[in-house]
>>> print(open('data-v8.txt').read())   # compact mmCIF, C-alpha atoms
# COMPACT_ATOMS: atom_id res chain seq x y z
CA MET A 1460 -37.20 29.04 -16.61
CA SER A 1461 -38.11 25.35 -16.89
CA LEU A 1462 -40.49 23.97 -14.31
CA CYS A 1463 -39.62 20.39 -15.18
CA PRO A 1464 -37.07 18.60 -13.04
CA PRO A 1465 -33.91 17.62 -14.95
CA ARG A 1466 -33.84 14.08 -16.36
CA ASP A 1467 -32.11 11.60 -14.12
CA ALA A 1468 -29.05 10.76 -16.23
CA SER A 1469 -27.95 8.03 -13.85
CA SER A 1470 -30.90 5.80 -14.65
CA ASN A 1471 -29.81 2.89 -16.83
CA ILE A 1472 -33.23 1.80 -17.97
CA ASN A 1473 -33.27 1.38 -21.74
CA VAL A 1474 -29.72 2.69 -22.15
CA PRO A 1475 -27.79 0.36 -24.46
CA GLU A 1476 -24.82 -1.37 -22.86
CA ALA A 1477 -22.31 0.37 -25.09
CA GLN A 1478 -23.47 3.79 -23.90
CA ARG A 1479 -23.29 3.08 -20.18
CA ASP A 1480 -20.76 4.82 -18.01
CA PRO A 1481 -17.46 2.95 -18.51
CA ASN A 1482 -16.43 3.53 -14.91
CA GLU A 1483 -19.56 1.87 -13.64
CA TRP A 1484 -18.99 -1.06 -15.97
CA ASN A 1485 -15.34 -1.42 -14.88
CA GLU A 1486 -16.35 -1.36 -11.25
CA LYS A 1487 -18.93 -4.07 -11.90
CA ILE A 1488 -16.28 -6.22 -13.61
CA TYR A 1489 -13.83 -5.51 -10.80
CA HIS A 1490 -16.23 -6.72 -8.12
CA GLU A 1491 -17.22 -9.80 -10.10
CA GLU A 1492 -13.64 -10.84 -10.83
CA SER A 1493 -12.14 -9.99 -7.44
CA ASP A 1494 -15.00 -11.72 -5.60
CA LYS A 1495 -14.52 -14.76 -7.85
CA ALA A 1496 -10.77 -14.81 -7.14
CA LEU A 1497 -11.14 -14.42 -3.39
CA ASP A 1498 -13.94 -17.01 -3.19
CA LEU A 1499 -11.73 -19.47 -5.07
CA LEU A 1500 -8.74 -18.75 -2.83
CA HIS A 1501 -10.86 -19.06 0.29
CA GLU A 1502 -12.19 -22.45 -0.76
CA LYS A 1503 -8.86 -23.90 -1.86
CA LEU A 1504 -6.78 -22.46 0.96
CA GLU A 1505 -9.21 -23.57 3.62
CA ALA A 1506 -8.97 -27.17 2.39
CA TYR A 1507 -5.18 -26.89 1.98
CA VAL A 1508 -4.58 -25.53 5.49
CA GLU A 1509 -6.91 -28.06 7.06
CA ASP A 1510 -5.06 -30.89 5.31
CA LEU A 1511 -1.72 -29.61 6.53
CA GLY A 1512 -2.78 -29.54 10.17
CA ILE A 1513 -0.23 -26.89 11.19
CA PRO A 1514 -0.65 -25.89 14.85
CA GLU A 1515 -2.51 -22.59 15.29
CA SER A 1516 -3.30 -22.30 11.61
CA ASP A 1517 -6.54 -20.72 10.46
CA VAL A 1518 -8.25 -19.36 7.36
CA GLU A 1519 -10.74 -16.54 7.69
CA TYR A 1520 -12.64 -14.63 5.01
CA SER A 1521 -14.72 -11.61 5.89
CA GLN A 1522 -15.62 -8.28 4.24
CA GLY A 1523 -13.30 -8.82 1.31
CA VAL A 1524 -10.32 -9.75 3.50
CA LEU A 1525 -8.87 -13.26 3.37
CA THR A 1526 -6.47 -14.05 6.23
CA VAL A 1527 -4.45 -17.24 5.98
CA CYS A 1528 -2.54 -17.94 9.16
CA LEU A 1529 0.04 -20.72 8.91
CA GLY A 1530 1.06 -20.70 12.55
CA LYS A 1531 4.78 -20.14 12.95
CA LEU A 1532 5.29 -20.08 9.18
CA GLY A 1533 3.57 -16.70 8.94
CA THR A 1534 0.36 -15.11 7.72
CA PHE A 1535 -0.87 -14.15 4.24
CA VAL A 1536 -3.47 -11.40 3.97
CA ILE A 1537 -5.21 -11.07 0.61
CA ASN A 1538 -7.83 -8.37 0.26
CA LYS A 1539 -9.94 -6.35 -2.14
CA GLN A 1540 -8.79 -2.77 -2.51
CA THR A 1541 -11.86 -1.31 -4.20
CA PRO A 1542 -10.77 2.35 -4.65
CA ASN A 1543 -7.84 1.13 -6.79
CA LYS A 1544 -9.78 -1.80 -8.28
CA GLN A 1545 -6.94 -4.02 -7.09
CA ILE A 1546 -6.30 -7.10 -5.00
CA TRP A 1547 -3.62 -6.51 -2.38
CA MET A 1548 -1.53 -9.23 -0.84
CA SER A 1549 0.78 -9.25 2.13
CA SER A 1550 3.09 -12.25 2.04
CA PRO A 1551 5.30 -13.46 4.89
CA VAL A 1552 7.78 -14.57 2.21
CA SER A 1553 7.98 -11.56 -0.06
CA GLY A 1554 6.07 -8.65 1.49
CA PRO A 1555 3.32 -6.41 0.08
CA PHE A 1556 2.00 -6.50 -3.52
CA ARG A 1557 -0.83 -4.89 -5.49
CA TYR A 1558 -2.39 -6.71 -8.42
CA ASP A 1559 -4.41 -5.27 -11.27
CA TRP A 1560 -6.93 -7.13 -13.42
CA ASN A 1561 -5.30 -7.59 -16.79
CA SER A 1562 -6.67 -9.82 -19.54
CA GLY A 1563 -8.09 -12.43 -17.22
CA LEU A 1564 -5.25 -12.40 -14.66
CA TRP A 1565 -4.31 -10.52 -11.51
CA VAL A 1566 -0.90 -9.02 -12.29
CA TYR A 1567 1.63 -6.91 -10.34
CA HIS A 1568 2.55 -4.35 -12.97
CA ARG A 1569 6.06 -3.61 -11.69
CA ASP A 1570 7.45 -7.03 -12.54
CA GLY A 1571 4.57 -8.91 -14.14
CA ARG A 1572 4.22 -11.53 -11.42
CA MET A 1573 0.78 -13.10 -11.13
CA LEU A 1574 -1.13 -13.52 -7.88
CA LEU A 1575 -2.10 -17.17 -8.24
CA GLN A 1576 1.31 -18.31 -9.48
CA GLN A 1577 3.05 -16.43 -6.70
CA LEU A 1578 0.82 -18.01 -4.07
CA GLU A 1579 1.35 -21.50 -5.46
CA THR A 1580 5.13 -21.08 -5.41
CA GLU A 1581 5.34 -19.45 -1.99
CA LEU A 1582 2.96 -21.85 -0.26
CA GLU A 1583 4.81 -24.88 -1.57
CA GLY A 1584 8.10 -23.28 -0.57
CA LEU A 1585 6.86 -22.62 2.95
CA THR A 1586 5.01 -25.85 3.72
CA GLY A 1587 6.58 -28.35 1.32
CA LYS A 1588 3.12 -29.29 0.04
CA PRO A 1589 2.11 -28.19 -3.47
CA ILE A 1590 -1.19 -26.46 -4.16
CA LYS A 1591 -3.01 -25.93 -7.45
CA LEU A 1592 -4.73 -22.58 -7.66
CA LEU A 1593 -4.73 -22.10 -11.43
CA SER A 1594 -7.41 -23.88 -13.42
CA MET B 973 -2.89 4.95 24.09
CA ASN B 974 -5.92 7.22 24.13
CA ILE B 975 -8.57 5.50 21.99
CA VAL B 976 -10.45 8.69 21.13
CA ARG B 977 -7.33 10.42 19.88
CA LEU B 978 -6.38 7.38 17.79
CA SER B 979 -9.85 7.24 16.25
CA ALA B 980 -9.71 10.92 15.34
CA PHE B 981 -6.58 10.34 13.31
CA ARG B 982 -7.54 6.99 11.86
CA ALA B 983 -8.29 7.12 8.16
CA LEU B 984 -10.94 4.94 6.57
CA GLY B 985 -8.87 2.21 4.99
CA SER B 986 -10.62 -0.58 3.21
CA VAL B 987 -8.97 -3.19 5.38
CA PRO B 988 -10.46 -3.49 8.85
CA GLY B 989 -8.10 -2.20 11.56
CA ALA B 990 -5.78 -5.03 12.29
CA ASN B 991 -3.83 -3.53 15.11
CA GLN B 992 -6.05 -1.21 17.07
CA THR B 993 -5.64 -1.08 20.78
CA VAL B 994 -8.83 -2.40 22.25
CA ALA B 995 -9.46 -2.71 25.93
CA SER B 996 -12.54 -4.81 26.45
CA PHE B 997 -13.33 -6.45 29.74
CA GLY B 998 -9.77 -5.75 30.86
CA GLN B 999 -8.25 -7.70 27.94
CA LEU B 1000 -5.93 -6.16 25.38
CA THR B 1001 -6.16 -7.56 21.87
CA ARG B 1002 -3.61 -6.72 19.17
CA CYS B 1003 -1.57 -3.62 19.95
CA TYR B 1004 0.58 -1.19 18.04
CA HIS B 1005 4.26 -1.93 18.57
CA LYS B 1006 5.99 0.56 20.88
CA ASN B 1007 8.07 1.89 17.97
CA VAL B 1008 4.89 2.75 16.09
CA VAL B 1009 3.41 4.42 19.16
CA GLU B 1010 6.63 6.40 19.62
CA HIS B 1011 6.54 7.73 16.05
CA TYR B 1012 2.83 8.41 16.31
CA GLU B 1013 3.03 10.37 19.57
CA ASN B 1014 6.36 12.04 18.76
CA PRO B 1015 6.55 12.09 14.99
CA ARG B 1016 9.83 13.31 13.61
CA ASN B 1017 10.13 15.93 10.91
CA VAL B 1018 6.49 16.81 10.37
CA GLY B 1019 6.14 19.77 8.04
CA ALA B 1020 6.86 20.97 4.54
CA PHE B 1021 9.47 22.67 2.40
CA ASP B 1022 8.74 24.96 -0.51
CA LYS B 1023 7.96 22.59 -3.35
CA SER B 1024 9.40 24.99 -5.92
CA ASP B 1025 12.76 25.24 -4.13
CA PRO B 1026 15.35 23.82 -6.56
CA THR B 1027 17.08 21.95 -3.71
CA VAL B 1028 13.87 20.20 -2.64
CA GLY B 1029 12.57 16.86 -3.94
CA THR B 1030 8.92 16.03 -3.26
CA GLY B 1031 7.38 12.57 -3.33
CA LEU B 1032 3.58 12.37 -3.15
CA VAL B 1033 2.15 8.86 -3.07
CA GLY B 1034 -1.05 7.07 -2.20
CA ALA B 1035 -4.66 8.09 -2.66
CA PRO B 1036 -7.25 9.57 -0.28
CA ALA B 1037 -9.78 6.97 -1.38
CA CYS B 1038 -7.45 4.25 -0.13
CA GLY B 1039 -7.02 5.97 3.19
CA ASP B 1040 -3.30 6.70 2.84
CA VAL B 1041 -1.54 9.71 1.37
CA MET B 1042 2.11 10.45 2.05
CA LYS B 1043 4.11 13.52 1.11
CA LEU B 1044 7.81 13.12 1.79
CA GLN B 1045 10.26 15.89 0.98
CA ILE B 1046 14.06 15.98 0.94
CA LYS B 1047 16.41 18.94 0.96
CA VAL B 1048 19.56 18.16 -0.96
CA ASP B 1049 22.94 19.92 -0.95
CA GLU B 1050 25.19 20.56 -3.97
CA ASN B 1051 26.88 17.17 -3.48
CA GLY B 1052 23.62 15.24 -3.63
CA PHE B 1053 23.41 14.60 0.11
CA ILE B 1054 20.12 14.91 1.97
CA VAL B 1055 20.52 17.53 4.67
CA ASP B 1056 16.92 17.66 5.85
CA SER B 1057 13.61 15.90 5.33
CA LYS B 1058 9.97 16.54 6.14
CA PHE B 1059 6.74 14.60 5.82
CA LYS B 1060 2.99 14.96 6.01
CA THR B 1061 0.88 11.82 6.07
CA PHE B 1062 -2.84 11.17 6.07
CA GLY B 1063 -3.45 7.64 7.22
CA CYS B 1064 -3.28 5.08 9.98
CA GLY B 1065 -0.73 4.94 12.77
CA SER B 1066 1.45 2.55 10.79
CA ALA B 1067 1.48 4.85 7.76
CA ILE B 1068 2.41 7.85 9.91
CA ALA B 1069 5.14 5.90 11.66
CA SER B 1070 6.50 4.47 8.38
CA SER B 1071 6.89 7.91 6.81
CA SER B 1072 8.31 9.38 10.03
CA VAL B 1073 10.96 6.63 10.07
CA ALA B 1074 11.66 7.26 6.38
CA THR B 1075 12.44 10.95 7.01
CA GLU B 1076 14.82 9.99 9.82
CA TRP B 1077 16.64 7.42 7.77
CA VAL B 1078 17.19 9.56 4.66
CA LYS B 1079 18.98 12.37 6.49
CA GLY B 1080 22.72 12.44 5.95
CA LYS B 1081 22.59 9.95 3.09
CA SER B 1082 23.11 10.51 -0.62
CA ILE B 1083 20.16 10.37 -2.96
CA GLU B 1084 21.59 7.18 -4.48
CA GLU B 1085 21.98 5.51 -1.11
CA VAL B 1086 18.40 6.17 0.04
CA LEU B 1087 17.10 4.26 -2.96
CA THR B 1088 18.35 1.15 -1.18
CA ILE B 1089 16.03 1.71 1.79
CA LYS B 1090 13.57 -1.17 1.59
CA ASN B 1091 10.01 -1.37 2.84
CA SER B 1092 11.00 -4.57 4.65
CA ASP B 1093 13.55 -2.63 6.74
CA ILE B 1094 10.92 -0.13 7.81
CA ALA B 1095 8.39 -2.89 8.51
CA LYS B 1096 10.93 -4.81 10.59
CA HIS B 1097 11.89 -1.70 12.59
CA LEU B 1098 8.24 -1.04 13.42
CA SER B 1099 7.25 -4.71 13.77
CA LEU B 1100 4.36 -4.06 11.41
CA PRO B 1101 1.73 -6.80 11.21
CA PRO B 1102 1.03 -8.43 7.81
CA VAL B 1103 -1.88 -6.20 6.90
CA LYS B 1104 0.24 -3.05 7.46
CA LEU B 1105 3.18 -4.01 5.27
CA HIS B 1106 1.51 -1.94 2.55
CA CYS B 1107 2.19 1.19 4.64
CA SER B 1108 5.93 0.55 4.65
CA MET B 1109 5.83 -0.04 0.88
CA LEU B 1110 4.18 3.33 0.47
CA ALA B 1111 6.99 4.95 2.50
CA GLU B 1112 9.59 3.29 0.24
CA ASP B 1113 7.67 4.59 -2.78
CA ALA B 1114 7.59 8.08 -1.26
CA ILE B 1115 11.38 8.11 -0.88
CA LYS B 1116 11.85 6.97 -4.48
CA ALA B 1117 9.38 9.57 -5.75
CA ALA B 1118 11.19 12.36 -3.86
CA VAL B 1119 14.55 11.26 -5.30
CA LYS B 1120 13.07 11.07 -8.80
CA ASP B 1121 11.76 14.62 -8.40
CA ILE B 1122 15.08 16.11 -7.24
CA GLN B 1123 17.00 14.24 -9.94
CA ALA B 1124 14.69 15.71 -12.58
CA LYS B 1125 15.26 19.19 -11.11
CA MET B 1126 19.04 18.70 -11.03
CA LYS B 1127 19.02 17.48 -14.63
CA ALA B 1128 16.96 20.47 -15.74
CA ALA B 1129 19.27 22.87 -13.88
CA ALA B 1130 22.37 21.29 -15.44
CA ALA B 1131 20.82 21.46 -18.90
CA GLU B 1132 19.97 25.13 -18.38
CA LYS B 1133 23.49 25.86 -17.16
CA GLY B 1134 24.94 24.05 -20.17
CA ALA B 1135 22.73 25.98 -22.56
CA LYS B 1136 23.76 29.30 -20.99
CA ALA B 1137 27.46 28.38 -21.20
CA VAL B 1138 27.09 27.60 -24.89
CA ALA B 1139 25.18 30.83 -25.48
CA SER B 1140 27.75 32.99 -23.64
CA SER B 1141 30.71 31.44 -25.48
CA GLN B 1142 29.30 32.36 -28.86
>>> encode(input="data-v8.txt", output="structure tokens")
Amino acid sequence: MSLCPPRDASSNINVPEAQRDPNEWNEKIYHEESDKALDLLHEKLEAYVEDLGIPESDVEYSQGVLTVCLGKLGTFVINKQTPNKQIWMSSPVSGPFRYDWNSGLWVYHRDGRMLLQQLETELEGLTGKPIKLLS
Amino acid sequence: MNIVRLSAFRALGSVPGANQTVASFGQLTRCYHKNVVEHYENPRNVGAFDKSDPTVGTGLVGAPACGDVMKLQIKVDENGFIVDSKFKTFGCGSAIASSSVATEWVKGKSIEEVLTIKNSDIAKHLSLPPVKLHCSMLAEDAIKAAVKDIQAKMKAAAAEKGAKAVASSQ
């Protein structure tokens, strides 16, 4: 019977990148990319909504949930859904969607629509004012 | 609504509760719509059929990690009409109500017809707030999954019947 405690396999010190747990790496990428996307949306939508000056409109971002209230025009809710590694959106125009990270884009796998494109189209359709979310 | 009872049933979703009933200093903030409360307090068709029953279609959708799991089952007659439906849901009040509504709406309809039930209809009926539209989508998915299951069973049964007919004619 060994008296030595088992090696801690979860320690990443000196483990080459290629040998690290792929799940851990995917989760890291997920958080980086989804945080980047939501930060970008927060910044752009806050400026956009302020410019529009719609009564009772508001943009709030907290704990991975971005709420964009456009007064009587409706509310978008865009949030991180970490267990699925997705971004979820609820749109007052088209309902609920779930986007996966796919080759640099957030894509709804059922019909291939992309989060940023969809938001650009729907926001312009709702308010009449275009918005550029894609770089 | 009793806050303690609601909390006991509330799953840990990753989105902060958008429509909890909160009574603070005598003020009510966002509330569940009365239709949601009705389905929550008197859910219709809670239960289960035998999954291996050839007349039963089972749709299991969602994930515990997300905070929502729905199992919706349909009992289908020989003409493809849904004669009964049952559900079991782990999730928030809106998820429970959405699946309860789904089981009510599928009864008496054909399996083709229920594929036209849209999440937006369920959401409208329950006046779901934006953040809870995902619950109604899950209910629509559960219906579609149950229909897919029974159609696969019916196809397999027909194939078996066909094979037996061929065998007995030889």
>>> interface_residues(input="data-v8.txt", of="chain A", to="chain B", cutoff="9 Å", atoms="all atoms listed in the file", output="tab-separated table (two decimals) with C-alpha atoms, in the coordinates of the input")
chain	number	residue	atom	x	y	z
A	1522	GLN	CA	-15.62	-8.28	4.24
A	1523	GLY	CA	-13.30	-8.82	1.31
A	1524	VAL	CA	-10.32	-9.75	3.50
A	1533	GLY	CA	3.57	-16.70	8.94
A	1534	THR	CA	0.36	-15.11	7.72
A	1535	PHE	CA	-0.87	-14.15	4.24
A	1536	VAL	CA	-3.47	-11.40	3.97
A	1537	ILE	CA	-5.21	-11.07	0.61
A	1538	ASN	CA	-7.83	-8.37	0.26
A	1539	LYS	CA	-9.94	-6.35	-2.14
A	1540	GLN	CA	-8.79	-2.77	-2.51
A	1541	THR	CA	-11.86	-1.31	-4.20
A	1542	PRO	CA	-10.77	2.35	-4.65
A	1543	ASN	CA	-7.84	1.13	-6.79
A	1547	TRP	CA	-3.62	-6.51	-2.38
A	1548	MET	CA	-1.53	-9.23	-0.84
A	1549	SER	CA	0.78	-9.25	2.13
A	1550	SER	CA	3.09	-12.25	2.04
A	1551	PRO	CA	5.30	-13.46	4.89
A	1553	SER	CA	7.98	-11.56	-0.06
A	1554	GLY	CA	6.07	-8.65	1.49
A	1555	PRO	CA	3.32	-6.41	0.08
A	1556	PHE	CA	2.00	-6.50	-3.52
A	1557	ARG	CA	-0.83	-4.89	-5.49
>>> residues_near_point(input="data-v8.txt", point="(-10.0, -19.5, -15.5)", cutoff="10 Å", atoms="only C-alpha atoms", output="ChimeraX atom specification")
/A:1496,1563-1564,1592-1594
>>> residues_around(input="data-v8.txt", residues="Lys1081 of chain B", least_positions_apart="5", cutoff="12 Å", atoms="all atoms listed in the file", output="ChimeraX atom specification")
/B:1046-1049,1051-1057,1074-1076,1086-1089,1119
>>> atom_distance(input="data-v8.txt", atom1="atom CA of Ile1094 of chain B", atom2="atom CA of Lys1116 of chain B")
14.2 Å
>>> residues_around(input="data-v8.txt", residues="Leu1098 of chain B", least_positions_apart="4", cutoff="9 Å", atoms="all atoms listed in the file", output="list in words")
Tyr1004, His1005, Lys1006, Asn1007, Val1008, Ser1066, Ala1069, Ser1070, Val1073, Asp1093 and Ile1094 of chain B
>>> closest_residue(input="data-v8.txt", among="B:Ala1067, B:Ala1117, B:Ala1128, B:Leu1044", to="Asn1017 of chain B", atoms="all atoms listed in the file")
B:Leu1044
>>> closest_residue(input="data-v8.txt", among="A:Cys1528, A:Val1566, A:Leu1574, A:Ile1546", to="Leu1511 of chain A", atoms="all atoms listed in the file")
A:Cys1528
